[in-house]
Each structure stands twice: as C-alpha cells, then as structure tokens.
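Pasted below: coords_0.cif, mmCIF, C-alpha atoms and all ligand atoms.
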data_query
loop_
_atom_site.group_PDB
_atom_site.id
_atom_site.type_symbol
_atom_site.label_atom_id
_atom_site.label_comp_id
_atom_site.auth_asym_id
_atom_site.auth_seq_id
_atom_site.Cartn_x
_atom_site.Cartn_y
_atom_site.Cartn_z
ATOM 1 C CA MET B 1 0.000 0.000 0.000
ATOM 2 C CA THR B 2 1.060 3.546 -0.608
ATOM 3 C CA LEU B 3 0.509 6.757 1.282
ATOM 4 C CA LEU B 4 -0.981 9.290 -1.119
ATOM 5 C CA LYS B 5 -0.500 13.030 -1.219
ATOM 6 C CA ILE B 6 -3.538 14.916 0.086
ATOM 7 C CA SER B 7 -4.907 17.787 -1.987
ATOM 8 C CA LYS B 8 -5.287 21.057 -0.093
ATOM 9 C CA MET B 9 -7.936 23.778 -0.299
ATOM 10 C CA GLY B 10 -7.094 25.881 -3.328
ATOM 11 C CA HIS B 11 -6.262 22.971 -5.632
ATOM 12 C CA PRO B 12 -8.743 22.780 -8.533
ATOM 13 C CA VAL B 13 -9.325 19.024 -8.046
ATOM 14 C CA LEU B 14 -11.317 19.899 -4.896
ATOM 15 C CA ARG B 15 -13.630 22.110 -6.976
ATOM 16 C CA GLN B 16 -14.515 19.591 -9.661
ATOM 17 C CA VAL B 17 -17.666 17.520 -9.831
ATOM 18 C CA ALA B 18 -16.148 14.040 -9.657
ATOM 19 C CA ALA B 19 -16.895 11.410 -12.301
ATOM 20 C CA LEU B 20 -19.052 8.331 -11.798
ATOM 21 C CA VAL B 21 -17.080 5.082 -11.566
ATOM 22 C CA PRO B 22 -18.105 2.755 -14.407
ATOM 23 C CA ASP B 23 -17.324 -0.446 -12.455
ATOM 24 C CA PRO B 24 -16.689 -0.475 -8.664
ATOM 25 C CA THR B 25 -15.145 -3.958 -8.867
ATOM 26 C CA MET B 26 -12.185 -2.940 -11.058
ATOM 27 C CA PRO B 27 -8.822 -3.853 -9.461
ATOM 28 C CA GLU B 28 -7.509 -0.290 -9.882
ATOM 29 C CA ILE B 29 -10.467 0.994 -7.845
ATOM 30 C CA ARG B 30 -9.659 -1.483 -5.058
ATOM 31 C CA GLU B 31 -6.042 -0.381 -5.094
ATOM 32 C CA LEU B 32 -7.041 3.295 -4.965
ATOM 33 C CA VAL B 33 -9.393 2.648 -2.023
ATOM 34 C CA GLU B 34 -6.771 0.645 -0.108
ATOM 35 C CA ASN B 35 -4.378 3.552 -0.487
ATOM 36 C CA MET B 36 -7.088 6.038 0.532
ATOM 37 C CA VAL B 37 -7.766 4.051 3.719
ATOM 38 C CA GLU B 38 -4.057 3.941 4.527
ATOM 39 C CA THR B 39 -3.714 7.672 3.869
ATOM 40 C CA MET B 40 -6.801 8.524 5.963
ATOM 41 C CA THR B 41 -5.628 6.373 8.873
ATOM 42 C CA GLU B 42 -2.106 7.786 8.810
ATOM 43 C CA ALA B 43 -3.483 11.346 8.764
ATOM 44 C CA GLY B 44 -5.942 10.628 11.599
ATOM 45 C CA GLY B 45 -9.018 11.407 9.505
ATOM 46 C CA THR B 46 -12.565 10.099 9.971
ATOM 47 C CA GLY B 47 -13.193 9.995 6.241
ATOM 48 C CA ILE B 48 -11.544 10.725 2.916
ATOM 49 C CA ALA B 49 -12.914 11.256 -0.576
ATOM 50 C CA ALA B 50 -11.079 10.406 -3.804
ATOM 51 C CA PRO B 51 -10.670 14.072 -4.910
ATOM 52 C CA GLN B 52 -8.634 14.552 -1.723
ATOM 53 C CA VAL B 53 -5.999 12.266 -3.232
ATOM 54 C CA PHE B 54 -6.195 13.948 -6.672
ATOM 55 C CA GLU B 55 -8.610 11.355 -8.140
ATOM 56 C CA SER B 56 -11.766 13.009 -9.403
ATOM 57 C CA LYS B 57 -13.942 9.925 -8.895
ATOM 58 C CA ARG B 58 -17.178 9.439 -6.935
ATOM 59 C CA ILE B 59 -15.706 7.369 -4.098
ATOM 60 C CA PHE B 60 -15.274 7.964 -0.392
ATOM 61 C CA THR B 61 -14.460 5.940 2.678
ATOM 62 C CA PHE B 62 -15.085 6.597 6.368
ATOM 63 C CA PHE B 63 -15.089 5.054 9.810
ATOM 64 C CA VAL B 64 -17.009 6.168 12.919
ATOM 65 C CA SER B 65 -15.960 4.898 16.333
ATOM 66 C CA GLU B 66 -18.723 3.910 18.746
ATOM 67 C CA GLU B 67 -17.321 6.368 21.302
ATOM 68 C CA ARG B 68 -17.582 9.292 18.889
ATOM 69 C CA ALA B 69 -21.062 8.313 17.720
ATOM 70 C CA LYS B 70 -22.357 8.053 21.293
ATOM 71 C CA ALA B 71 -20.797 11.360 22.356
ATOM 72 C CA GLU B 72 -22.511 13.107 19.464
ATOM 73 C CA ALA B 73 -25.844 11.412 20.209
ATOM 74 C CA GLU B 74 -25.674 12.672 23.779
ATOM 75 C CA ARG B 75 -24.746 16.178 22.674
ATOM 76 C CA LEU B 76 -27.723 16.306 20.304
ATOM 77 C CA ARG B 77 -29.960 14.538 22.816
ATOM 78 C CA ILE B 78 -30.958 11.948 20.301
ATOM 79 C CA SER B 79 -31.399 8.437 21.501
ATOM 80 C CA PRO B 80 -27.944 6.898 22.042
ATOM 81 C CA GLU B 81 -29.394 3.553 20.956
ATOM 82 C CA ASP B 82 -29.765 5.077 17.512
ATOM 83 C CA GLU B 83 -26.089 5.868 17.450
ATOM 84 C CA SER B 84 -23.558 3.132 17.121
ATOM 85 C CA GLY B 85 -20.165 3.122 15.475
ATOM 86 C CA VAL B 86 -19.876 2.420 11.780
ATOM 87 C CA PRO B 87 -17.289 -0.044 10.507
ATOM 88 C CA LEU B 88 -14.928 1.063 7.767
ATOM 89 C CA THR B 89 -17.218 1.714 4.819
ATOM 90 C CA VAL B 90 -16.411 2.328 1.163
ATOM 91 C CA LEU B 91 -19.055 3.916 -1.035
ATOM 92 C CA VAL B 92 -18.755 4.129 -4.800
ATOM 93 C CA ASN B 93 -21.208 6.327 -6.733
ATOM 94 C CA PRO B 94 -23.123 7.247 -3.554
ATOM 95 C CA GLU B 95 -26.438 9.076 -3.315
ATOM 96 C CA ILE B 96 -28.033 10.823 -0.326
ATOM 97 C CA ASP B 97 -31.625 11.693 0.604
ATOM 98 C CA PHE B 98 -32.403 13.868 3.582
ATOM 99 C CA ILE B 99 -34.950 12.605 6.115
ATOM 100 C CA GLY B 100 -36.976 15.397 7.703
ATOM 101 C CA ASP B 101 -35.979 19.010 8.145
ATOM 102 C CA GLN B 102 -33.974 18.799 11.369
ATOM 103 C CA VAL B 103 -30.576 20.477 11.043
ATOM 104 C CA ASP B 104 -27.860 20.355 13.721
ATOM 105 C CA GLU B 105 -24.683 22.353 14.099
ATOM 106 C CA GLY B 106 -21.431 20.572 14.803
ATOM 107 C CA TRP B 107 -17.677 20.966 14.520
ATOM 108 C CA GLU B 108 -15.959 19.683 11.395
ATOM 109 C CA GLY B 109 -12.428 19.496 10.173
ATOM 110 C CA CYS B 110 -11.034 18.286 6.865
ATOM 111 C CA LEU B 111 -7.742 16.716 5.797
ATOM 112 C CA SER B 112 -7.680 19.206 2.909
ATOM 113 C CA ILE B 113 -7.927 22.163 5.334
ATOM 114 C CA PRO B 114 -5.390 21.052 7.934
ATOM 115 C CA GLY B 115 -5.319 22.616 11.388
ATOM 116 C CA LEU B 116 -8.722 24.332 11.158
ATOM 117 C CA MET B 117 -12.205 23.544 12.398
ATOM 118 C CA GLY B 118 -15.567 25.182 11.932
ATOM 119 C CA ILE B 119 -19.194 24.840 12.942
ATOM 120 C CA VAL B 120 -21.289 23.458 10.098
ATOM 121 C CA PRO B 121 -25.053 22.871 9.901
ATOM 122 C CA ARG B 122 -25.985 19.418 8.566
ATOM 123 C CA HIS B 123 -29.162 17.430 8.242
ATOM 124 C CA ARG B 124 -29.663 15.266 11.301
ATOM 125 C CA SER B 125 -30.960 12.206 9.463
ATOM 126 C CA ILE B 126 -30.296 10.863 5.998
ATOM 127 C CA ARG B 127 -30.717 7.783 3.889
ATOM 128 C CA TYR B 128 -27.770 6.882 1.660
ATOM 129 C CA ARG B 129 -26.814 4.254 -0.829
ATOM 130 C CA GLY B 130 -23.786 3.384 -2.888
ATOM 131 C CA PHE B 131 -21.813 0.418 -4.118
ATOM 132 C CA GLY B 132 -19.141 -1.501 -2.247
ATOM 133 C CA LEU B 133 -15.978 -2.793 -3.885
ATOM 134 C CA ASP B 134 -17.778 -6.120 -4.424
ATOM 135 C CA GLY B 135 -20.351 -4.317 -6.580
ATOM 136 C CA LYS B 136 -23.106 -4.897 -4.011
ATOM 137 C CA LEU B 137 -25.494 -2.115 -3.086
ATOM 138 C CA ILE B 138 -25.107 -0.673 0.429
ATOM 139 C CA GLU B 139 -28.199 1.130 1.749
ATOM 140 C CA ARG B 140 -28.397 2.680 5.206
ATOM 141 C CA GLU B 141 -30.165 5.250 7.327
ATOM 142 C CA ALA B 142 -27.936 7.421 9.463
ATOM 143 C CA SER B 143 -28.276 10.169 12.023
ATOM 144 C CA GLY B 144 -26.032 12.378 14.130
ATOM 145 C CA PHE B 145 -22.296 12.103 13.572
ATOM 146 C CA HIS B 146 -22.624 9.247 11.079
ATOM 147 C CA ALA B 147 -24.940 11.379 8.925
ATOM 148 C CA ARG B 148 -22.605 14.370 9.283
ATOM 149 C CA VAL B 149 -19.579 12.414 8.077
ATOM 150 C CA VAL B 150 -21.429 11.073 5.036
ATOM 151 C CA GLN B 151 -22.697 14.565 4.101
ATOM 152 C CA HIS B 152 -19.190 16.025 4.474
ATOM 153 C CA GLU B 153 -17.571 13.351 2.305
ATOM 154 C CA TYR B 154 -20.370 13.446 -0.252
ATOM 155 C CA ASP B 155 -19.849 17.196 -0.666
ATOM 156 C CA HIS B 156 -16.250 16.543 -1.750
ATOM 157 C CA LEU B 157 -17.620 14.657 -4.775
ATOM 158 C CA ASP B 158 -19.469 17.798 -5.850
ATOM 159 C CA GLY B 159 -16.525 20.111 -5.285
ATOM 160 C CA VAL B 160 -17.879 21.562 -2.027
ATOM 161 C CA LEU B 161 -15.817 22.133 1.137
ATOM 162 C CA TYR B 162 -17.284 22.468 4.635
ATOM 163 C CA THR B 163 -16.256 26.113 4.857
ATOM 164 C CA GLU B 164 -18.895 26.904 2.207
ATOM 165 C CA ARG B 165 -21.585 25.298 4.377
ATOM 166 C CA MET B 166 -20.710 27.422 7.399
ATOM 167 C CA THR B 167 -23.176 30.116 8.404
ATOM 168 C CA ASP B 168 -20.837 32.001 10.763
ATOM 169 C CA ILE B 169 -17.266 32.379 9.535
ATOM 170 C CA LYS B 170 -16.250 33.473 13.043
ATOM 171 C CA SER B 171 -16.389 29.841 14.105
ATOM 172 C CA LEU B 172 -13.567 28.963 11.680
ATOM 173 C CA ILE B 173 -10.707 28.476 14.107
ATOM 174 C CA PHE B 174 -7.468 26.579 14.606
ATOM 175 C CA SER B 175 -8.219 23.201 16.143
ATOM 176 C CA SER B 176 -5.582 23.895 18.799
ATOM 177 C CA GLU B 177 -7.835 26.720 20.083
ATOM 178 C CA VAL B 178 -11.084 24.759 20.210
ATOM 179 C CA GLY B 179 -10.849 24.522 24.024
ATOM 180 C CA TYR B 180 -11.520 28.263 24.227
ATOM 181 C CA GLN B 181 -14.966 27.854 22.684
ATOM 182 C CA LYS B 182 -17.997 27.828 24.934
ATOM 183 C CA PRO B 183 -19.624 24.419 25.059
ATOM 184 C CA ASP B 184 -22.551 24.604 22.641
ATOM 185 C CA GLU B 185 -25.926 24.430 24.248
HETATM 186 NI NI NI D 1 -13.091 16.784 4.042
#
When written as structure tokens, how does the structure in this file appear?
Amino acid sequence: MTLLKISKMGHPVLRQVAALVPDPTMPEIRELVENMVETMTEAGGTGIAAPQVFESKRIFTFFVSEERAKAEAERLRISPEDESGVPLTVLVNPEIDFIGDQVDEGWEGCLSIPGLMGIVPRHRSIRYRGFGLDGKLIEREASGFHARVVQHEYDHLDGVLYTERMTDIKSLIFSSEVGYQKPDE
C-alpha cells in the first residue's frame, strides 16, 4: 500500500464535480481505495474522498468509532441507541436523501484544510446508498455524527468544502484553540 498526497484547499481538483465510476469492482479501484484508507488512517481522519488524493472519482471511505457516535448522540440529545459506530465503509457512486428538516450544528475538520475547524449545519438524518468494492449495493439510514460524516464526504464529490456550508465564519478556528470555545448548548 502507498501513502498518497492529500490535496489542499485551493487545488482545482477539490472544486470539480467528480466522475461516476463505471465499475466499482475494477482492481484499480480497489487499489485506490486501499491507499485512501491507509492515507486517511495515517493522517488521523474520519473519512476521505477520492478528490482529496487527486482522483476526481465518486468514491469515499469513512469510519465512525462507537465512542464518537455516542458522544454526538448525547450532545444532540438523540437516543444513544440510535447511534452506534460504523465499521470502515467504502461507497462508490453514492447518493443521499435527507430525512426530515432537522438540522444540527457541529464541529468539522477536513484533511484538505489542515489545522482548522468550523461549525457546520448538517441534516440530522439521511438515507444513503452506494456500491461496495464487491459491486453490491449498500443502503443505510444514518443520524447524528454518522450522517454528518457522510454529508461532508459526499460534498467533496461535488466540489464543495465544509467552509462553504458554514453560516458564521467566526467559528472557523485553529483546532488547537477549540478549548476556548464555549460548550454549545
Ligand atoms: Ni473533508
């Protein structure tokens, strides 16, 4: 496996609408995804989309720990039973539908915008589908942090960064300073 270079905000590849993948089972797609997972893990990311490694393809991968999912469920006061961790997931050619109108604010960071964090509104609940590397359809409902991660990664496929979703640019801060923020209530 190979660690890939991560594209940074300002590079045009992060502004492109990524191309559909004709066949998720192609060996070169598997190799790309394996390298994306390695790169994401090494960089300490929760998710990574193919444009972030200079591949303008509709693919992303993510992982949500149970601890993180539960913490977010408690913060949002949604039932913790609805929030469990999500195993490493690869989605090729994903699609998202929003469920309901509930929108929550939460902190996000991005491997393409290193060192910064911002508060971003996202839909609380979504339904998503996409193909795994075996060509099988994956369909899930998600809420809370899981839904946030999927919306963030999906945006990368349409050339959108989280900073454009922010409603108050004053919350864009260095992650080292996040401790100075008042706990959100
Ligand atoms: Ni990102």
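If you measure from each of B:Val86, B:Val21, B:Met40, B:Cys110 to Lys70 of chain B using only C-alpha atoms, the closest one turns out to be B:Val86.
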Residues selected by the PyMOL selection byres (((chain B and resi 55-67) around 9) and not hetatm), written as an MDAnalysis selection string: chainID B and resid 13:14 16:21 32:33 36:37 40 45:54 68:72 83:94 145:146 149:150 153:154 156:158
Which residues would end up in the selection if the PyMOL selection byres (((chain B and resi 171) around 12) and not hetatm) were applied here, given that I need the answer as a compact mmCIF listing (two decimals) with C-alpha atoms, keeping the file's coordinate frame?
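File written: result-v1.txt
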# COMPACT_ATOMS: atom_id res chain seq x y z
CA GLU B 105 -24.68 22.35 14.10
CA GLY B 106 -21.43 20.57 14.80
CA TRP B 107 -17.68 20.97 14.52
CA GLU B 108 -15.96 19.68 11.40
CA GLY B 109 -12.43 19.50 10.17
CA LEU B 116 -8.72 24.33 11.16
CA MET B 117 -12.20 23.54 12.40
CA GLY B 118 -15.57 25.18 11.93
CA ILE B 119 -19.19 24.84 12.94
CA VAL B 120 -21.29 23.46 10.10
CA PRO B 121 -25.05 22.87 9.90
CA THR B 163 -16.26 26.11 4.86
CA ARG B 165 -21.58 25.30 4.38
CA MET B 166 -20.71 27.42 7.40
CA THR B 167 -23.18 30.12 8.40
CA ASP B 168 -20.84 32.00 10.76
CA ILE B 169 -17.27 32.38 9.54
CA LYS B 170 -16.25 33.47 13.04
CA LEU B 172 -13.57 28.96 11.68
CA ILE B 173 -10.71 28.48 14.11
CA PHE B 174 -7.47 26.58 14.61
CA SER B 175 -8.22 23.20 16.14
CA GLU B 177 -7.84 26.72 20.08
CA VAL B 178 -11.08 24.76 20.21
CA TYR B 180 -11.52 28.26 24.23
CA GLN B 181 -14.97 27.85 22.68
CA LYS B 182 -18.00 27.83 24.93
CA ASP B 184 -22.55 24.60 22.64
Here is a test: counting all atoms listed in the file, which residue of B:Ser112, B:Ile6, B:Glu34, B:Arg140 is nearest to ligand NI 1 (chain D)?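 Of B:Ser112, B:Ile6, B:Glu34, B:Arg140, the one nearest ligand NI 1 (chain D), counting all atoms listed in the file, is B:Ser112.
As for atom CA of Arg15 of chain B and atom CA of Gly144 of chain B, they are spaced 26.3 Å apart.
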Evaluate the PyMOL selection byres (((chain B and resi 129) around 10) and not hetatm) against this structure - the residues, as number ranges by chain, please. B: 91-97, 127-128, 130-132, 137-141
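Closest approach to ligand NI 1 (chain D) among B:Thr25, B:Glu38, B:Met9, B:Thr2 is made by B:Met9 (distances from only C-alpha atoms and all ligand atoms).
Coordinates place atom CA of Lys136 of chain B at a distance of 29.0 Å from atom CA of Lys5 of chain B.
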Find, counting all atoms listed in the file, the residue in B:Gln102, B:Asn35, B:Ser143, B:Gln151 that gets nearest to ligand NI 1 (chain D). B:Gln151
What separation in Å, quoted to one decimal, exists between atom CA of Asp23 of chain B and atom CA of Asp155 of chain B?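 Taking atom CA of Asp23 of chain B as the start and atom CA of Asp155 of chain B as the end point, the length is 21.4 Å.
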Best match for closeness to ligand NI 1 (chain D) among B:Leu111, B:Ala73, B:Ala142, B:Leu133, counting all atoms listed in the file: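 Comparing B:Leu111, B:Ala73, B:Ala142, B:Leu133 against ligand NI 1 (chain D), the winner is B:Leu111.
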B:Arg30, B:Gly179, B:Met1, B:Ser7: which is nearest ligand NI 1 (chain D), counting all atoms listed in the file? B:Ser7
Output as JSON the centre and edge lengths (Å, one decimal) of the box along x, y and z of the file that holds every listed atom of segment 109-121 of chain B after adding 5 Å on each side.
{"center_x": -15.2, "center_y": 20.9, "center_z": 7.9, "size_x": 29.7, "size_y": 18.5, "size_z": 20.0}
